[in-house]
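Student: final-v3.txt (compact mmCIF, N, CA and C atoms) pasted underneath:
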# COMPACT_ATOMS: atom_id res chain seq x y z
N MET A 4 56.49 -42.57 26.78
CA MET A 4 56.61 -43.28 25.52
C MET A 4 55.45 -42.85 24.61
N THR A 5 55.77 -42.53 23.38
CA THR A 5 54.73 -42.12 22.43
C THR A 5 53.95 -43.34 21.95
N PRO A 6 52.75 -43.11 21.40
CA PRO A 6 51.97 -44.24 20.89
C PRO A 6 52.71 -45.06 19.82
N ILE A 7 53.45 -44.41 18.93
CA ILE A 7 54.15 -45.18 17.89
C ILE A 7 55.29 -45.99 18.50
N GLU A 8 55.95 -45.45 19.53
CA GLU A 8 56.99 -46.22 20.21
C GLU A 8 56.40 -47.44 20.91
N LEU A 9 55.25 -47.27 21.52
CA LEU A 9 54.58 -48.40 22.16
C LEU A 9 54.12 -49.41 21.11
N ALA A 10 53.61 -48.93 19.99
CA ALA A 10 53.20 -49.84 18.91
C ALA A 10 54.40 -50.61 18.37
N LEU A 11 55.54 -49.95 18.22
CA LEU A 11 56.76 -50.64 17.78
C LEU A 11 57.19 -51.70 18.80
N ARG A 12 57.04 -51.40 20.07
CA ARG A 12 57.36 -52.37 21.12
C ARG A 12 56.43 -53.59 21.01
N GLU A 13 55.14 -53.35 20.80
CA GLU A 13 54.17 -54.43 20.63
C GLU A 13 54.50 -55.26 19.38
N ALA A 14 54.92 -54.59 18.31
CA ALA A 14 55.28 -55.30 17.08
C ALA A 14 56.51 -56.18 17.30
N ALA A 15 57.49 -55.66 18.00
CA ALA A 15 58.70 -56.45 18.29
C ALA A 15 58.36 -57.66 19.15
N ALA A 16 57.47 -57.48 20.11
CA ALA A 16 57.04 -58.60 20.95
C ALA A 16 56.30 -59.65 20.12
N ALA A 17 55.49 -59.20 19.17
CA ALA A 17 54.80 -60.12 18.28
C ALA A 17 55.81 -60.92 17.46
N ALA A 18 56.82 -60.26 16.94
CA ALA A 18 57.86 -60.95 16.16
C ALA A 18 58.55 -62.00 17.01
N ALA A 19 58.84 -61.68 18.25
CA ALA A 19 59.50 -62.62 19.16
C ALA A 19 58.64 -63.86 19.40
N ARG A 20 57.32 -63.71 19.26
CA ARG A 20 56.39 -64.84 19.42
C ARG A 20 56.17 -65.58 18.10
N GLY A 21 56.80 -65.12 17.02
CA GLY A 21 56.63 -65.74 15.72
C GLY A 21 55.46 -65.19 14.92
N GLU A 22 54.92 -64.08 15.39
CA GLU A 22 53.81 -63.43 14.69
C GLU A 22 54.37 -62.35 13.75
N VAL A 23 53.62 -62.03 12.70
CA VAL A 23 54.01 -60.92 11.85
C VAL A 23 54.07 -59.67 12.74
N PRO A 24 55.19 -58.95 12.69
CA PRO A 24 55.40 -57.83 13.64
C PRO A 24 54.60 -56.58 13.33
N VAL A 25 53.37 -56.58 13.80
CA VAL A 25 52.52 -55.40 13.71
C VAL A 25 52.03 -55.11 15.12
N GLY A 26 52.11 -53.85 15.51
CA GLY A 26 51.63 -53.42 16.82
C GLY A 26 50.66 -52.27 16.67
N ALA A 27 49.71 -52.19 17.58
CA ALA A 27 48.69 -51.14 17.54
C ALA A 27 48.40 -50.62 18.93
N VAL A 28 48.06 -49.34 18.99
CA VAL A 28 47.76 -48.67 20.26
C VAL A 28 46.54 -47.77 20.04
N VAL A 29 45.62 -47.79 21.00
CA VAL A 29 44.47 -46.88 20.98
C VAL A 29 44.65 -45.88 22.12
N THR A 30 44.54 -44.61 21.77
CA THR A 30 44.63 -43.54 22.77
C THR A 30 43.33 -42.74 22.76
N ASP A 31 43.00 -42.16 23.91
CA ASP A 31 41.81 -41.32 23.98
C ASP A 31 42.15 -39.89 23.57
N GLU A 32 41.18 -39.01 23.69
CA GLU A 32 41.38 -37.61 23.25
C GLU A 32 42.50 -36.91 23.98
N SER A 33 42.77 -37.30 25.22
CA SER A 33 43.84 -36.67 25.99
C SER A 33 45.21 -37.27 25.68
N GLY A 34 45.23 -38.36 24.90
CA GLY A 34 46.48 -39.03 24.58
C GLY A 34 46.80 -40.19 25.50
N ALA A 35 45.92 -40.46 26.46
CA ALA A 35 46.13 -41.59 27.37
C ALA A 35 45.93 -42.91 26.63
N VAL A 36 46.80 -43.85 26.89
CA VAL A 36 46.71 -45.16 26.25
C VAL A 36 45.57 -45.95 26.87
N LEU A 37 44.67 -46.41 26.02
CA LEU A 37 43.56 -47.26 26.45
C LEU A 37 43.90 -48.73 26.26
N ALA A 38 44.57 -49.06 25.16
CA ALA A 38 44.87 -50.45 24.85
C ALA A 38 46.03 -50.53 23.88
N ALA A 39 46.77 -51.62 23.97
CA ALA A 39 47.88 -51.89 23.05
C ALA A 39 47.89 -53.37 22.77
N ALA A 40 48.26 -53.74 21.54
CA ALA A 40 48.29 -55.15 21.18
C ALA A 40 49.24 -55.37 20.01
N GLY A 41 49.69 -56.60 19.90
CA GLY A 41 50.44 -57.06 18.74
C GLY A 41 49.66 -58.18 18.08
N ASN A 42 50.02 -58.51 16.86
CA ASN A 42 49.34 -59.60 16.17
C ASN A 42 49.33 -60.87 17.00
N GLU A 43 48.22 -61.60 16.95
CA GLU A 43 48.09 -62.88 17.64
C GLU A 43 47.40 -63.91 16.74
N VAL A 44 47.58 -63.77 15.45
CA VAL A 44 46.94 -64.66 14.47
C VAL A 44 47.33 -66.11 14.71
N GLU A 45 48.61 -66.37 14.84
CA GLU A 45 49.10 -67.75 15.02
C GLU A 45 48.70 -68.30 16.39
N ALA A 46 48.89 -67.51 17.42
CA ALA A 46 48.60 -67.98 18.78
C ALA A 46 47.12 -68.30 18.97
N ARG A 47 46.26 -67.50 18.37
CA ARG A 47 44.82 -67.70 18.55
C ARG A 47 44.21 -68.58 17.45
N HIS A 48 45.02 -68.92 16.45
CA HIS A 48 44.51 -69.67 15.29
C HIS A 48 43.31 -68.93 14.69
N ASP A 49 43.49 -67.63 14.55
CA ASP A 49 42.40 -66.75 14.14
C ASP A 49 42.93 -65.70 13.17
N PRO A 50 42.56 -65.78 11.90
CA PRO A 50 43.07 -64.81 10.92
C PRO A 50 42.59 -63.38 11.15
N THR A 51 41.63 -63.19 12.04
CA THR A 51 41.16 -61.83 12.35
C THR A 51 41.86 -61.24 13.57
N ALA A 52 42.79 -61.95 14.18
CA ALA A 52 43.45 -61.48 15.41
C ALA A 52 44.61 -60.54 15.07
N HIS A 53 44.32 -59.55 14.24
CA HIS A 53 45.30 -58.52 13.90
C HIS A 53 45.44 -57.58 15.09
N ALA A 54 46.59 -56.96 15.20
CA ALA A 54 46.86 -56.05 16.30
C ALA A 54 45.79 -54.96 16.41
N GLU A 55 45.37 -54.42 15.27
CA GLU A 55 44.38 -53.34 15.28
C GLU A 55 43.06 -53.80 15.89
N ILE A 56 42.59 -54.96 15.45
CA ILE A 56 41.31 -55.50 15.93
C ILE A 56 41.38 -55.74 17.44
N LEU A 57 42.48 -56.36 17.88
CA LEU A 57 42.63 -56.67 19.30
C LEU A 57 42.66 -55.39 20.14
N ALA A 58 43.40 -54.39 19.69
CA ALA A 58 43.49 -53.13 20.44
C ALA A 58 42.16 -52.39 20.45
N LEU A 59 41.48 -52.36 19.32
CA LEU A 59 40.18 -51.68 19.24
C LEU A 59 39.16 -52.35 20.15
N ARG A 60 39.11 -53.68 20.12
CA ARG A 60 38.17 -54.41 20.98
C ARG A 60 38.47 -54.16 22.46
N ALA A 61 39.75 -54.16 22.82
CA ALA A 61 40.13 -53.94 24.22
C ALA A 61 39.74 -52.53 24.67
N ALA A 62 39.98 -51.54 23.82
CA ALA A 62 39.63 -50.16 24.17
C ALA A 62 38.12 -50.01 24.31
N ALA A 63 37.36 -50.61 23.42
CA ALA A 63 35.90 -50.54 23.50
C ALA A 63 35.39 -51.21 24.78
N ALA A 64 36.02 -52.31 25.17
CA ALA A 64 35.63 -52.99 26.40
C ALA A 64 35.92 -52.11 27.62
N ILE A 65 37.06 -51.43 27.61
CA ILE A 65 37.41 -50.55 28.72
C ILE A 65 36.42 -49.39 28.83
N LEU A 66 36.09 -48.80 27.69
CA LEU A 66 35.17 -47.66 27.69
C LEU A 66 33.71 -48.09 27.72
N GLN A 67 33.47 -49.36 27.54
CA GLN A 67 32.12 -49.94 27.51
C GLN A 67 31.23 -49.25 26.48
N THR A 68 31.76 -49.17 25.26
CA THR A 68 31.02 -48.57 24.15
C THR A 68 31.49 -49.20 22.84
N PRO A 69 30.60 -49.31 21.87
CA PRO A 69 31.01 -49.84 20.57
C PRO A 69 31.66 -48.78 19.66
N ARG A 70 31.66 -47.55 20.10
CA ARG A 70 32.24 -46.47 19.30
C ARG A 70 33.35 -45.77 20.08
N LEU A 71 34.45 -45.55 19.41
CA LEU A 71 35.61 -44.92 20.04
C LEU A 71 35.77 -43.48 19.53
N VAL A 72 34.70 -42.74 19.62
CA VAL A 72 34.67 -41.35 19.14
C VAL A 72 35.74 -40.56 19.89
N GLY A 73 36.54 -39.82 19.14
CA GLY A 73 37.60 -39.02 19.73
C GLY A 73 38.91 -39.75 19.92
N CYS A 74 38.92 -41.06 19.67
CA CYS A 74 40.13 -41.86 19.88
C CYS A 74 40.98 -41.95 18.62
N THR A 75 42.25 -42.28 18.85
CA THR A 75 43.21 -42.46 17.77
C THR A 75 43.76 -43.88 17.82
N LEU A 76 43.85 -44.50 16.66
CA LEU A 76 44.51 -45.79 16.51
C LEU A 76 45.85 -45.54 15.85
N THR A 77 46.93 -45.95 16.51
CA THR A 77 48.28 -45.84 15.95
C THR A 77 48.77 -47.24 15.71
N VAL A 78 49.21 -47.52 14.50
CA VAL A 78 49.62 -48.87 14.11
C VAL A 78 50.90 -48.80 13.28
N THR A 79 51.72 -49.84 13.36
CA THR A 79 53.01 -49.82 12.69
C THR A 79 52.93 -50.06 11.18
N LEU A 80 51.82 -50.61 10.71
CA LEU A 80 51.66 -50.91 9.28
C LEU A 80 50.30 -50.42 8.81
N GLU A 81 50.25 -49.91 7.60
CA GLU A 81 48.98 -49.51 7.01
C GLU A 81 47.96 -50.63 7.18
N PRO A 82 46.82 -50.35 7.78
CA PRO A 82 45.84 -51.40 8.01
C PRO A 82 45.34 -52.06 6.73
N CYS A 83 45.07 -53.35 6.84
CA CYS A 83 44.47 -54.10 5.74
C CYS A 83 43.01 -53.64 5.59
N PRO A 84 42.32 -54.08 4.54
CA PRO A 84 40.93 -53.68 4.38
C PRO A 84 40.04 -54.04 5.58
N MET A 85 40.25 -55.22 6.18
CA MET A 85 39.44 -55.62 7.33
C MET A 85 39.64 -54.64 8.49
N CYS A 86 40.87 -54.31 8.77
CA CYS A 86 41.16 -53.41 9.90
C CYS A 86 40.75 -51.98 9.60
N ALA A 87 40.88 -51.55 8.35
CA ALA A 87 40.42 -50.21 7.98
C ALA A 87 38.91 -50.11 8.15
N GLN A 88 38.19 -51.15 7.74
CA GLN A 88 36.73 -51.15 7.90
C GLN A 88 36.37 -51.14 9.38
N ALA A 89 37.11 -51.89 10.19
CA ALA A 89 36.86 -51.88 11.64
C ALA A 89 37.08 -50.48 12.20
N ALA A 90 38.13 -49.80 11.76
CA ALA A 90 38.39 -48.43 12.21
C ALA A 90 37.21 -47.52 11.89
N SER A 91 36.62 -47.73 10.73
CA SER A 91 35.44 -46.96 10.34
C SER A 91 34.26 -47.28 11.25
N PHE A 92 34.02 -48.57 11.48
CA PHE A 92 32.89 -48.98 12.34
C PHE A 92 33.06 -48.49 13.77
N PHE A 93 34.29 -48.43 14.27
CA PHE A 93 34.54 -47.94 15.63
C PHE A 93 34.45 -46.42 15.72
N ARG A 94 34.33 -45.77 14.58
CA ARG A 94 34.17 -44.31 14.52
C ARG A 94 35.36 -43.55 15.11
N LEU A 95 36.56 -44.02 14.80
CA LEU A 95 37.77 -43.36 15.29
C LEU A 95 37.88 -41.94 14.75
N LYS A 96 38.49 -41.10 15.53
CA LYS A 96 38.76 -39.73 15.08
C LYS A 96 39.95 -39.73 14.11
N ARG A 97 40.97 -40.53 14.45
CA ARG A 97 42.22 -40.49 13.68
C ARG A 97 42.83 -41.87 13.60
N LEU A 98 43.46 -42.13 12.46
CA LEU A 98 44.25 -43.34 12.24
C LEU A 98 45.64 -42.88 11.85
N VAL A 99 46.63 -43.35 12.59
CA VAL A 99 48.03 -43.02 12.32
C VAL A 99 48.75 -44.34 12.07
N PHE A 100 49.51 -44.41 10.99
CA PHE A 100 50.27 -45.64 10.74
C PHE A 100 51.68 -45.33 10.27
N GLY A 101 52.54 -46.34 10.43
CA GLY A 101 53.95 -46.19 10.09
C GLY A 101 54.24 -46.56 8.65
N ALA A 102 54.50 -47.83 8.40
CA ALA A 102 54.89 -48.29 7.07
C ALA A 102 53.67 -48.41 6.15
N TYR A 103 53.87 -48.05 4.89
CA TYR A 103 52.84 -48.23 3.88
C TYR A 103 52.87 -49.69 3.43
N ASP A 104 51.72 -50.20 2.99
CA ASP A 104 51.61 -51.59 2.55
C ASP A 104 50.97 -51.65 1.16
N PRO A 105 51.80 -51.49 0.11
CA PRO A 105 51.25 -51.49 -1.26
C PRO A 105 50.56 -52.80 -1.64
N LYS A 106 50.96 -53.91 -1.04
CA LYS A 106 50.37 -55.21 -1.38
C LYS A 106 49.08 -55.50 -0.62
N GLY A 107 49.05 -55.23 0.69
CA GLY A 107 47.91 -55.63 1.50
C GLY A 107 47.17 -54.51 2.19
N GLY A 108 47.60 -53.28 1.97
CA GLY A 108 46.96 -52.15 2.65
C GLY A 108 45.55 -51.89 2.16
N GLY A 109 44.77 -51.27 3.01
CA GLY A 109 43.39 -50.96 2.65
C GLY A 109 43.03 -49.50 2.85
N VAL A 110 44.05 -48.66 3.11
CA VAL A 110 43.80 -47.25 3.35
C VAL A 110 44.30 -46.41 2.18
N GLU A 111 45.60 -46.44 1.95
CA GLU A 111 46.21 -45.70 0.85
C GLU A 111 46.40 -46.58 -0.39
N HIS A 112 46.25 -47.88 -0.22
CA HIS A 112 46.44 -48.85 -1.29
C HIS A 112 45.23 -49.78 -1.36
N GLY A 113 45.20 -50.61 -2.39
CA GLY A 113 44.17 -51.64 -2.48
C GLY A 113 42.76 -51.09 -2.44
N ALA A 114 41.98 -51.59 -1.49
CA ALA A 114 40.55 -51.27 -1.42
C ALA A 114 40.26 -49.81 -1.08
N ARG A 115 41.20 -49.12 -0.47
CA ARG A 115 41.00 -47.71 -0.08
C ARG A 115 39.63 -47.53 0.58
N ILE A 116 39.46 -48.23 1.67
CA ILE A 116 38.17 -48.32 2.37
C ILE A 116 37.55 -46.96 2.65
N PHE A 117 38.33 -45.99 3.09
CA PHE A 117 37.76 -44.70 3.49
C PHE A 117 37.29 -43.87 2.31
N ALA A 118 37.77 -44.20 1.12
CA ALA A 118 37.36 -43.47 -0.09
C ALA A 118 36.15 -44.11 -0.76
N ALA A 119 35.75 -45.29 -0.30
CA ALA A 119 34.62 -46.00 -0.91
C ALA A 119 33.30 -45.31 -0.58
N PRO A 120 32.38 -45.26 -1.53
CA PRO A 120 31.08 -44.63 -1.26
C PRO A 120 30.29 -45.33 -0.16
N SER A 121 30.60 -46.59 0.09
CA SER A 121 29.90 -47.35 1.13
C SER A 121 30.46 -47.10 2.54
N CYS A 122 31.54 -46.33 2.65
CA CYS A 122 32.15 -46.06 3.95
C CYS A 122 31.30 -45.05 4.72
N HIS A 123 30.86 -45.45 5.92
CA HIS A 123 30.00 -44.60 6.73
C HIS A 123 30.77 -43.53 7.50
N HIS A 124 32.03 -43.82 7.83
CA HIS A 124 32.84 -42.88 8.60
C HIS A 124 34.30 -43.02 8.20
N ALA A 125 34.91 -41.92 7.87
CA ALA A 125 36.34 -41.92 7.52
C ALA A 125 37.11 -41.09 8.53
N PRO A 126 38.02 -41.72 9.26
CA PRO A 126 38.83 -40.94 10.20
C PRO A 126 39.87 -40.11 9.48
N GLU A 127 40.42 -39.16 10.18
CA GLU A 127 41.60 -38.45 9.68
C GLU A 127 42.71 -39.49 9.58
N VAL A 128 43.51 -39.44 8.51
CA VAL A 128 44.57 -40.43 8.31
C VAL A 128 45.92 -39.73 8.22
N VAL A 129 46.88 -40.25 8.97
CA VAL A 129 48.26 -39.79 8.91
C VAL A 129 49.12 -41.02 8.67
N GLY A 130 49.79 -41.07 7.54
CA GLY A 130 50.64 -42.22 7.22
C GLY A 130 52.10 -41.84 7.21
N GLY A 131 52.96 -42.84 7.40
CA GLY A 131 54.39 -42.65 7.29
C GLY A 131 55.11 -42.25 8.58
N LEU A 132 54.43 -42.35 9.73
CA LEU A 132 55.07 -42.00 11.00
C LEU A 132 56.10 -43.08 11.36
N ARG A 133 57.35 -42.68 11.50
CA ARG A 133 58.46 -43.62 11.78
C ARG A 133 58.46 -44.77 10.77
N GLU A 134 58.17 -44.40 9.54
CA GLU A 134 58.03 -45.38 8.46
C GLU A 134 59.23 -46.30 8.33
N SER A 135 60.43 -45.76 8.37
CA SER A 135 61.62 -46.61 8.17
C SER A 135 61.80 -47.61 9.30
N ASP A 136 61.52 -47.21 10.54
CA ASP A 136 61.62 -48.13 11.67
C ASP A 136 60.59 -49.24 11.57
N CYS A 137 59.37 -48.87 11.21
CA CYS A 137 58.29 -49.85 11.09
C CYS A 137 58.56 -50.82 9.95
N ALA A 138 59.01 -50.30 8.82
CA ALA A 138 59.30 -51.14 7.65
C ALA A 138 60.48 -52.06 7.93
N ALA A 139 61.49 -51.58 8.62
CA ALA A 139 62.67 -52.40 8.92
C ALA A 139 62.30 -53.60 9.79
N LEU A 140 61.42 -53.40 10.73
CA LEU A 140 60.98 -54.50 11.60
C LEU A 140 60.34 -55.60 10.76
N LEU A 141 59.49 -55.23 9.83
CA LEU A 141 58.85 -56.20 8.95
C LEU A 141 59.85 -56.86 8.01
N ARG A 142 60.71 -56.05 7.39
CA ARG A 142 61.72 -56.59 6.46
C ARG A 142 62.61 -57.60 7.15
N ASP A 143 63.09 -57.28 8.34
CA ASP A 143 63.97 -58.19 9.09
C ASP A 143 63.24 -59.48 9.44
N PHE A 144 62.00 -59.36 9.85
CA PHE A 144 61.20 -60.54 10.23
C PHE A 144 61.09 -61.50 9.04
N PHE A 145 60.72 -60.98 7.89
CA PHE A 145 60.53 -61.85 6.72
C PHE A 145 61.85 -62.33 6.14
N ARG A 146 62.91 -61.53 6.25
CA ARG A 146 64.23 -61.96 5.77
C ARG A 146 64.69 -63.20 6.54
N GLU A 147 64.45 -63.23 7.84
CA GLU A 147 64.85 -64.36 8.67
C GLU A 147 64.09 -65.64 8.31
N ARG A 148 62.93 -65.50 7.73
CA ARG A 148 62.11 -66.67 7.41
C ARG A 148 62.34 -67.20 6.00
N ARG A 149 63.10 -66.50 5.22
CA ARG A 149 63.33 -66.95 3.82
C ARG A 149 64.50 -67.87 3.73
The structure in this file should be written as structure tokens.

Tutor:
Amino acid sequence: MTPIELALREAAAAAARGEVPVGAVVTDESGAVLAAAGNEVEARHDPTAHAEILALRAAAAILQTPRLVGCTLTVTLEPCPMCAQAASFFRLKRLVFGAYDPKGGGVEHGARIFAAPSCHHAPEVVGGLRESDCAALLRDFFRERR
């Protein structure tokens, strides 16, 4: 299973729990999965419990380091500014995401964290991977709630 497929699976599981369907996966330089997570904002009563943050923290705990040099974060939605800044602080090599987020994104939209002069580290960014699948999961989730 590819990292984006695993992230989509995590996002679907989050949706089934009533969470916004976002999934994230951290892989090492060899492509081995270190950690995977879906949003847990509602379950943890914590607005910072985004899939990206949870996966990054879990990977750092496994590697016992605050920096994930050489690692890739794959996520189903363009990270928000908080998660983009976390990706910078974790010193990721690459960030890959599926759906673009014109309203809340912090990479290609909004704050554009990696382009800011205050950004200490900017990973390589690849956006739009399986974009239609990732966007459909979000669209369906919110359509059901309206």

Student: Using only N, CA and C atoms, which residue out of A:Ser135, A:Thr51, A:Asn42, A:Thr30 lies closest to A:Thr75?

Tutor: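 Among A:Ser135, A:Thr51, A:Asn42, A:Thr30, it is A:Thr30 that comes nearest to A:Thr75.
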
Student: Figure out the distance between atom CA of A:Ile116 and atom N of A:Gly73, please, to one decimal in Å.

Tutor: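 Value for the atom N of A:Gly73-atom CA of A:Ile116 distance: 18.9 Å.
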
Student: Using all atoms listed in the file, determine which residues lie at most 6 Å from A:Glu22, disregarding the query and same-chain residues fewer than 3 positions distant; provide the list as a list in words.

Tutor: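 Residues near the query, excluding close chain neighbours: Ala17, Ala18, Ala19, Val25, Asn42 and Glu45 of chain A.
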
Student: Please determine, counting all atoms listed in the file, which residue among A:Val36, A:Ala114, A:Ala14, A:Ile7 has the shortest atom-to-atom distance to A:Gly101.

Tutor: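 Of A:Val36, A:Ala114, A:Ala14, A:Ile7, the one nearest A:Gly101, counting all atoms listed in the file, is A:Ile7.
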
Student: Can you list, as a PyMOL selection string, all residues belonging to stretch 12-142 of chain A that DSSP tags as helix (DSSP H, G or I)?

Tutor: chain A and resi 12-19+44-47+54-66+84-92+116-118+134-142

Student: Run DSSP on the backbone and give me the residues of chain A it puts in strand (DSSP E), as a VMD selection string.

Tutor: chain A and resid 26 to 30 36 to 41 75 to 80 97 to 102 127 to 130

Student: Residues at most 8 Å from A:Ala10, counting all atoms listed in the file, excluding those fewer than 5 positions away in the same chain, as a list in words?

Tutor: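 Residues meeting the cut-off are Met4, Thr5, Ala15, Ala16, Pro24, Val25, Gly26, Ala27, Val28, Ala39, Ala40, Gly41, Thr77, Val78 and Thr79 of chain A.
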
Student: Give the answer as one residue: which of A:Leu140, A:Phe92, A:Phe100, A:Val110 has the shortest atom-to-atom distance to A:His124, using only C-alpha atoms?

Tutor: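 Among the listed residues, A:Phe92 lies closest to A:His124.
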
Student: What is the atom C of A:Leu95 to atom N of A:Glu134 distance in Å?

Tutor: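 We find that atom C of A:Leu95 and atom N of A:Glu134 lie 21.1 Å from each other.
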
Student: For atom N of A:Leu141 and atom CA of A:Leu76, quote the distance in Å rounded to one decimal.

Tutor: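 Computing the Euclidean distance for atom N of A:Leu141 and atom CA of A:Leu76 yields 18.9 Å.
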
Student: Which one is closest to A:Arg133: A:Leu57, A:Leu80, A:Gly107, A:Cys86? Count only C-alpha atoms.

Tutor: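 Answer, going by the shortest atom-to-atom distance: A:Leu80.
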
Student: Rank nothing, just name the residue among A:Arg94, A:Arg20, A:Arg146, A:His123 nearest to A:Val44, using only C-alpha atoms.

Tutor: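 Ranking A:Arg94, A:Arg20, A:Arg146, A:His123 by distance to A:Val44, first place goes to A:Arg20.
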
Student: Can you work out which one of A:Ala87, A:Ala138, A:Ala54, A:Leu59 has the shortest atom-to-atom distance to A:Tyr103, counting all atoms listed in the file?

Tutor: A:Ala138

Student: Calculate, to one decimal in Å, the centre and edge lengths of the box along x, y and z of the file that holds all listed atoms of stretch 136-143 of chain A with 6 Å of margin on each side, and present them as lines of an AutoDock Vina configuration file.

Tutor:
center_x = 61.1
center_y = -53.3
center_z = 9.1
size_x = 17.7
size_y = 24.3
size_z = 17.2

Student: Take stretch 39-46 of chain A, bring it up to all heavy atoms, and give me the output as a short mmCIF file (atom, residue, chain, number, x, y, z; two decimals), keeping the file's coordinate frame.

Tutor:
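Written file, rebuild.cif:
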data_model
loop_
_atom_site.label_atom_id
_atom_site.label_comp_id
_atom_site.auth_asym_id
_atom_site.auth_seq_id
_atom_site.Cartn_x
_atom_site.Cartn_y
_atom_site.Cartn_z
N ALA A 39 46.77 -51.62 23.97
CA ALA A 39 47.88 -51.89 23.05
C ALA A 39 47.89 -53.37 22.77
O ALA A 39 47.58 -54.19 23.64
CB ALA A 39 49.21 -51.44 23.67
N ALA A 40 48.26 -53.74 21.54
CA ALA A 40 48.29 -55.15 21.18
C ALA A 40 49.24 -55.37 20.01
O ALA A 40 49.52 -54.45 19.24
CB ALA A 40 46.88 -55.64 20.80
N GLY A 41 49.69 -56.60 19.90
CA GLY A 41 50.44 -57.06 18.74
C GLY A 41 49.66 -58.18 18.08
O GLY A 41 48.71 -58.71 18.67
N ASN A 42 50.02 -58.51 16.86
CA ASN A 42 49.34 -59.60 16.17
C ASN A 42 49.33 -60.87 17.00
O ASN A 42 50.32 -61.20 17.66
CB ASN A 42 50.04 -59.89 14.84
CG ASN A 42 49.56 -59.00 13.71
OD1 ASN A 42 48.64 -58.22 13.87
ND2 ASN A 42 50.20 -59.14 12.56
N GLU A 43 48.22 -61.60 16.95
CA GLU A 43 48.09 -62.88 17.64
C GLU A 43 47.40 -63.91 16.74
O GLU A 43 46.73 -64.82 17.21
CB GLU A 43 47.31 -62.72 18.95
CG GLU A 43 48.04 -61.90 19.99
CD GLU A 43 47.32 -61.87 21.32
OE1 GLU A 43 46.52 -62.79 21.61
OE2 GLU A 43 47.57 -60.92 22.08
N VAL A 44 47.58 -63.77 15.45
CA VAL A 44 46.94 -64.66 14.47
C VAL A 44 47.33 -66.11 14.71
O VAL A 44 46.47 -67.00 14.75
CB VAL A 44 47.30 -64.22 13.03
CG1 VAL A 44 46.85 -65.25 12.01
CG2 VAL A 44 46.68 -62.85 12.74
N GLU A 45 48.61 -66.37 14.84
CA GLU A 45 49.10 -67.75 15.02
C GLU A 45 48.70 -68.30 16.39
O GLU A 45 48.21 -69.42 16.49
CB GLU A 45 50.61 -67.81 14.84
CG GLU A 45 51.11 -67.31 13.48
CD GLU A 45 50.53 -68.06 12.29
OE1 GLU A 45 50.28 -69.29 12.41
OE2 GLU A 45 50.31 -67.43 11.25
N ALA A 46 48.89 -67.51 17.42
CA ALA A 46 48.60 -67.98 18.78
C ALA A 46 47.12 -68.30 18.97
O ALA A 46 46.78 -69.27 19.65
CB ALA A 46 49.04 -66.93 19.80
#
